[in-house]
Structures are given as structure tokens and as C-alpha cells.
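Engineer: Contents of upload_21.cif (mmCIF, C-alpha atoms; chains and numbers go by the auth columns) are below:
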data_query
#
loop_
_atom_site.group_PDB
_atom_site.id
_atom_site.type_symbol
_atom_site.label_atom_id
_atom_site.label_comp_id
_atom_site.label_asym_id
_atom_site.label_seq_id
_atom_site.Cartn_x
_atom_site.Cartn_y
_atom_site.Cartn_z
_atom_site.B_iso_or_equiv
_atom_site.auth_seq_id
_atom_site.auth_asym_id
ATOM 1 C CA MET A 1 70.521 219.951 48.900 0.00 1 A
ATOM 2 C CA ARG A 2 68.990 218.098 51.846 0.00 2 A
ATOM 3 C CA SER A 3 65.799 216.128 51.102 0.00 3 A
ATOM 4 C CA LEU A 4 63.169 214.563 53.319 0.00 4 A
ATOM 5 C CA GLY A 5 61.818 211.244 52.029 0.00 5 A
ATOM 6 C CA LEU A 6 58.382 209.901 52.933 0.00 6 A
ATOM 7 C CA ASP A 7 56.860 206.438 52.760 0.00 7 A
ATOM 8 C CA VAL A 8 53.210 207.251 53.436 0.00 8 A
ATOM 9 C CA GLY A 9 50.954 204.517 54.784 0.00 9 A
ATOM 10 C CA ASP A 10 47.481 204.353 56.277 0.00 10 A
ATOM 11 C CA LYS A 11 48.758 203.842 59.829 0.00 11 A
ATOM 12 C CA ARG A 12 52.398 204.974 59.773 0.00 12 A
ATOM 13 C CA THR A 13 54.651 207.184 57.677 0.00 13 A
ATOM 14 C CA GLY A 14 58.339 206.417 57.410 0.00 14 A
ATOM 15 C CA VAL A 15 60.635 209.429 57.197 0.00 15 A
ATOM 16 C CA ALA A 16 64.222 209.529 55.923 0.00 16 A
ATOM 17 C CA ILE A 17 66.638 212.441 55.608 0.00 17 A
ATOM 18 C CA SER A 18 69.419 212.842 53.089 0.00 18 A
ATOM 19 C CA ASP A 19 72.906 214.092 53.771 0.00 19 A
ATOM 20 C CA PRO A 20 73.566 217.765 52.908 0.00 20 A
ATOM 21 C CA GLN A 21 74.794 216.775 49.430 0.00 21 A
ATOM 22 C CA GLY A 22 71.559 214.870 48.744 0.00 22 A
ATOM 23 C CA ILE A 23 73.415 211.641 47.966 0.00 23 A
ATOM 24 C CA LEU A 24 72.695 209.284 50.860 0.00 24 A
ATOM 25 C CA ALA A 25 69.443 208.966 52.824 0.00 25 A
ATOM 26 C CA THR A 26 69.134 207.482 56.286 0.00 26 A
ATOM 27 C CA PRO A 27 66.027 206.626 58.331 0.00 27 A
ATOM 28 C CA LEU A 28 64.928 209.467 60.597 0.00 28 A
ATOM 29 C CA THR A 29 61.666 208.448 62.287 0.00 29 A
ATOM 30 C CA VAL A 30 58.275 206.826 61.903 0.00 30 A
ATOM 31 C CA LEU A 31 55.236 209.030 62.382 0.00 31 A
ATOM 32 C CA VAL A 32 51.921 207.576 63.485 0.00 32 A
ATOM 33 C CA SER A 33 49.295 208.656 60.968 0.00 33 A
ATOM 34 C CA LYS A 34 46.492 210.096 63.036 0.00 34 A
ATOM 35 C CA ASP A 35 44.700 213.102 61.619 0.00 35 A
ATOM 36 C CA GLU A 36 45.997 214.060 58.150 0.00 36 A
ATOM 37 C CA ASP A 37 46.440 217.719 59.087 0.00 37 A
ATOM 38 C CA ASP A 38 48.440 216.790 62.208 0.00 38 A
ATOM 39 C CA LEU A 39 50.639 214.487 60.111 0.00 39 A
ATOM 40 C CA ILE A 40 51.291 217.278 57.609 0.00 40 A
ATOM 41 C CA ASN A 41 52.213 219.659 60.437 0.00 41 A
ATOM 42 C CA GLU A 42 54.638 217.092 61.893 0.00 42 A
ATOM 43 C CA ILE A 43 56.255 216.639 58.467 0.00 43 A
ATOM 44 C CA LEU A 44 56.570 220.382 57.914 0.00 44 A
ATOM 45 C CA ASN A 45 58.151 220.741 61.367 0.00 45 A
ATOM 46 C CA LEU A 46 60.731 218.098 60.389 0.00 46 A
ATOM 47 C CA VAL A 47 61.400 219.961 57.135 0.00 47 A
ATOM 48 C CA LYS A 48 62.057 223.141 59.072 0.00 48 A
ATOM 49 C CA GLN A 49 64.068 221.430 61.822 0.00 49 A
ATOM 50 C CA HIS A 50 66.382 219.653 59.366 0.00 50 A
ATOM 51 C CA LYS A 51 66.435 222.503 56.818 0.00 51 A
ATOM 52 C CA ALA A 52 65.247 220.202 54.031 0.00 52 A
ATOM 53 C CA GLU A 53 64.801 221.899 50.674 0.00 53 A
ATOM 54 C CA CYS A 54 62.866 219.098 49.021 0.00 54 A
ATOM 55 C CA ILE A 55 60.245 216.524 50.030 0.00 55 A
ATOM 56 C CA VAL A 56 60.230 213.230 48.127 0.00 56 A
ATOM 57 C CA VAL A 57 57.109 211.077 48.465 0.00 57 A
ATOM 58 C CA GLY A 58 57.272 207.416 47.463 0.00 58 A
ATOM 59 C CA LEU A 59 54.538 206.273 45.070 0.00 59 A
ATOM 60 C CA PRO A 60 53.395 202.729 45.844 0.00 60 A
ATOM 61 C CA ARG A 61 52.780 200.388 42.926 0.00 61 A
ATOM 62 C CA ARG A 62 51.230 196.949 42.674 0.00 62 A
ATOM 63 C CA LEU A 63 53.462 193.984 41.939 0.00 63 A
ATOM 64 C CA ASN A 64 52.546 194.267 38.245 0.00 64 A
ATOM 65 C CA GLY A 65 53.677 197.915 38.204 0.00 65 A
ATOM 66 C CA GLU A 66 50.214 199.462 38.017 0.00 66 A
ATOM 67 C CA LEU A 67 48.957 202.167 40.351 0.00 67 A
ATOM 68 C CA GLY A 68 46.229 201.153 42.796 0.00 68 A
ATOM 69 C CA LYS A 69 44.021 202.679 45.466 0.00 69 A
ATOM 70 C CA GLN A 70 46.950 203.344 47.804 0.00 70 A
ATOM 71 C CA ALA A 71 48.767 205.289 45.072 0.00 71 A
ATOM 72 C CA ASN A 72 45.693 207.485 44.678 0.00 72 A
ATOM 73 C CA LYS A 73 45.622 208.129 48.447 0.00 73 A
ATOM 74 C CA VAL A 74 49.343 208.972 48.502 0.00 74 A
ATOM 75 C CA THR A 75 49.014 211.291 45.493 0.00 75 A
ATOM 76 C CA ALA A 76 46.144 213.170 47.155 0.00 76 A
ATOM 77 C CA PHE A 77 48.170 213.417 50.373 0.00 77 A
ATOM 78 C CA ALA A 78 51.251 214.671 48.489 0.00 78 A
ATOM 79 C CA ASP A 79 49.143 217.348 46.774 0.00 79 A
ATOM 80 C CA LYS A 80 47.787 218.543 50.119 0.00 80 A
ATOM 81 C CA LEU A 81 51.276 218.470 51.667 0.00 81 A
ATOM 82 C CA SER A 82 52.663 220.506 48.766 0.00 82 A
ATOM 83 C CA TRP A 83 49.885 223.074 49.086 0.00 83 A
ATOM 84 C CA GLN A 84 50.447 223.382 52.852 0.00 84 A
ATOM 85 C CA ALA A 85 54.236 223.669 52.420 0.00 85 A
ATOM 86 C CA LYS A 86 53.833 226.528 49.940 0.00 86 A
ATOM 87 C CA ARG A 87 51.274 228.201 52.166 0.00 87 A
ATOM 88 C CA SER A 88 53.415 227.975 55.310 0.00 88 A
ATOM 89 C CA ASN A 89 56.433 229.711 53.745 0.00 89 A
ATOM 90 C CA LEU A 90 59.044 227.310 55.108 0.00 90 A
ATOM 91 C CA ASN A 91 61.855 229.503 53.810 0.00 91 A
ATOM 92 C CA GLN A 92 61.283 232.072 56.543 0.00 92 A
#
Please express the file's structure as C-alpha cells.
Structural biologist:
Amino acid sequence: MRSLGLDVGDKRTGVAISDPQGILATPLTVLVSKDEDDLINEILNLVKQHKAECIVVGLPRRLNGELGKQANKVTAFADKLSWQAKRSNLNQ
């Protein structure tokens, strides 16, 4: 199963793609984070283009292991991305 991995930041989002077996991931691109809806559309286009079956979003933690403000932003973004992915019917 091919997965798309995301490292979501305020300015840029790193994207990696796994091999078809889902074992090894390699860097794919860096997306400039402009408007959140545009970023989500770019990600969903990559999912479709690379036939990814799963999106993995990295959850940033502080050095002491706790979740901070950035983790809350990423969680909210991941929720919106998930909702949009379900709504767009990527399987078609």
C-alpha cells in the first residue's frame, strides 16, 4: 500500500511517498503553504497522481515530548484534510 507522508509547517509542507509495498519512503516535493484550501487541493492531487491509499501526517512535539501550539495546528489541518479527502472521493 502506497502512502503519502506530510511534514506540515506554517510556511512549507514536506511531502514523501512510500514504495508500493509501503516499506520505504522517499522525499517527493516541498509545497509552499499559501492558502490552506489550496494546500489541501495540492495534496489531494498528489494522492491521486501517485495512487496513494493512505496519508500520514507527522505530529510535532516539543523537546520534552509534550504537544504544543504547532501540534494543535497540525491536528486541525489533518482533520480538515481527512474531511476533504473523504468528500472528494479519491477512489474514483
Engineer: Set the distance at 10 Å and use all atoms listed in the file: which residues neighbour A:Lys34 once local chain neighbours fewer than 5 positions away are removed? I'd like the list as a PyMOL selection string.
Structural biologist: chain A and resi 10-12+39
Engineer: Skip A:Phe77 itself and residues of its chain fewer than 4 positions away, then list as a list in words all residues within 12 Å of it, counting only C-alpha atoms.
Structural biologist: Leu6, Asp7, Val8, Gly9, Asp10, Thr13, Ser33, Asp35, Glu36, Asp37, Leu39, Ile40, Ile43, Val57, Gly58, Leu59, Gln70, Ala71, Asn72, Lys73, Leu81, Ser82, Trp83 and Gln84 of chain A
Engineer: Report the distance between atom CA of A:Val32 and atom CA of A:Gly5 in Å, rounded to one decimal place.
Structural biologist: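 If I compute the distance from atom CA of A:Val32 to atom CA of A:Gly5, I get 15.6 Å.
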Engineer: Suppose a student applies the PyMOL selection byres ((chain A and resi 55) around 6) to this structure; what residues should they get, written as a PyMOL selection string?
Structural biologist: chain A and resi 3-5+54+56
Engineer: May I ask which of the residues A:Arg2, A:Leu44, A:Arg87, A:Asp38 is the closest one to A:Thr26, counting all atoms listed in the file?
Structural biologist: A:Arg2
Engineer: Just add all heavy atoms to stretch 65-76 of chain A and send it as a short mmCIF file (atom, residue, chain, number, x, y, z; two decimals), in the coordinates of the input.
Structural biologist:
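Result file is selection36.cif:
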data_model
loop_
_atom_site.label_atom_id
_atom_site.label_comp_id
_atom_site.auth_asym_id
_atom_site.auth_seq_id
_atom_site.Cartn_x
_atom_site.Cartn_y
_atom_site.Cartn_z
N GLY A 65 53.23 196.59 38.62
CA GLY A 65 53.68 197.92 38.20
C GLY A 65 52.58 198.96 38.07
O GLY A 65 52.85 200.14 37.91
N GLU A 66 51.33 198.52 38.15
CA GLU A 66 50.21 199.46 38.02
C GLU A 66 50.00 200.23 39.31
O GLU A 66 50.41 199.80 40.39
CB GLU A 66 48.93 198.71 37.66
CG GLU A 66 48.95 198.07 36.30
CD GLU A 66 47.68 197.30 36.00
OE1 GLU A 66 46.76 197.28 36.86
OE2 GLU A 66 47.60 196.74 34.90
N LEU A 67 49.33 201.37 39.18
CA LEU A 67 48.96 202.17 40.35
C LEU A 67 47.62 201.67 40.86
O LEU A 67 46.73 201.35 40.09
CB LEU A 67 48.86 203.64 39.99
CG LEU A 67 50.14 204.29 39.46
CD1 LEU A 67 49.87 205.74 39.08
CD2 LEU A 67 51.25 204.21 40.48
N GLY A 68 47.48 201.62 42.19
CA GLY A 68 46.23 201.15 42.80
C GLY A 68 45.61 202.21 43.68
O GLY A 68 45.93 203.40 43.60
N LYS A 69 44.72 201.76 44.57
CA LYS A 69 44.02 202.68 45.47
C LYS A 69 44.98 203.42 46.39
O LYS A 69 44.81 204.61 46.64
CB LYS A 69 43.00 201.92 46.31
CG LYS A 69 41.74 201.56 45.58
CD LYS A 69 40.63 201.11 46.52
CE LYS A 69 40.98 199.79 47.15
NZ LYS A 69 39.86 199.25 47.97
N GLN A 70 46.00 202.70 46.89
CA GLN A 70 46.95 203.34 47.80
C GLN A 70 47.73 204.45 47.10
O GLN A 70 48.01 205.49 47.68
CB GLN A 70 47.90 202.31 48.41
CG GLN A 70 48.75 202.83 49.55
CD GLN A 70 47.92 203.26 50.76
OE1 GLN A 70 46.80 202.79 50.98
NE2 GLN A 70 48.47 204.15 51.55
N ALA A 71 48.06 204.25 45.83
CA ALA A 71 48.77 205.29 45.07
C ALA A 71 47.90 206.54 44.94
O ALA A 71 48.41 207.66 45.03
CB ALA A 71 49.17 204.77 43.70
N ASN A 72 46.61 206.34 44.76
CA ASN A 72 45.69 207.48 44.68
C ASN A 72 45.65 208.24 46.01
O ASN A 72 45.63 209.47 46.04
CB ASN A 72 44.29 207.03 44.28
CG ASN A 72 44.24 206.52 42.86
OD1 ASN A 72 45.04 206.90 42.02
ND2 ASN A 72 43.30 205.64 42.58
N LYS A 73 45.62 207.49 47.13
CA LYS A 73 45.62 208.13 48.45
C LYS A 73 46.91 208.93 48.66
O LYS A 73 46.88 210.05 49.15
CB LYS A 73 45.51 207.07 49.55
CG LYS A 73 44.18 206.41 49.67
CD LYS A 73 44.26 205.42 50.83
CE LYS A 73 43.07 204.53 50.93
NZ LYS A 73 43.20 203.57 52.05
N VAL A 74 48.05 208.32 48.30
CA VAL A 74 49.34 208.97 48.50
C VAL A 74 49.46 210.21 47.62
O VAL A 74 49.96 211.25 48.06
CB VAL A 74 50.51 207.99 48.25
CG1 VAL A 74 51.84 208.71 48.23
CG2 VAL A 74 50.51 206.89 49.31
N THR A 75 48.98 210.14 46.40
CA THR A 75 49.01 211.29 45.49
C THR A 75 48.18 212.44 46.05
O THR A 75 48.62 213.60 46.04
CB THR A 75 48.53 210.90 44.09
OG1 THR A 75 49.37 209.85 43.60
CG2 THR A 75 48.57 212.07 43.13
N ALA A 76 47.00 212.14 46.56
CA ALA A 76 46.14 213.17 47.16
C ALA A 76 46.82 213.78 48.38
O ALA A 76 46.79 215.01 48.57
CB ALA A 76 44.79 212.59 47.52
#
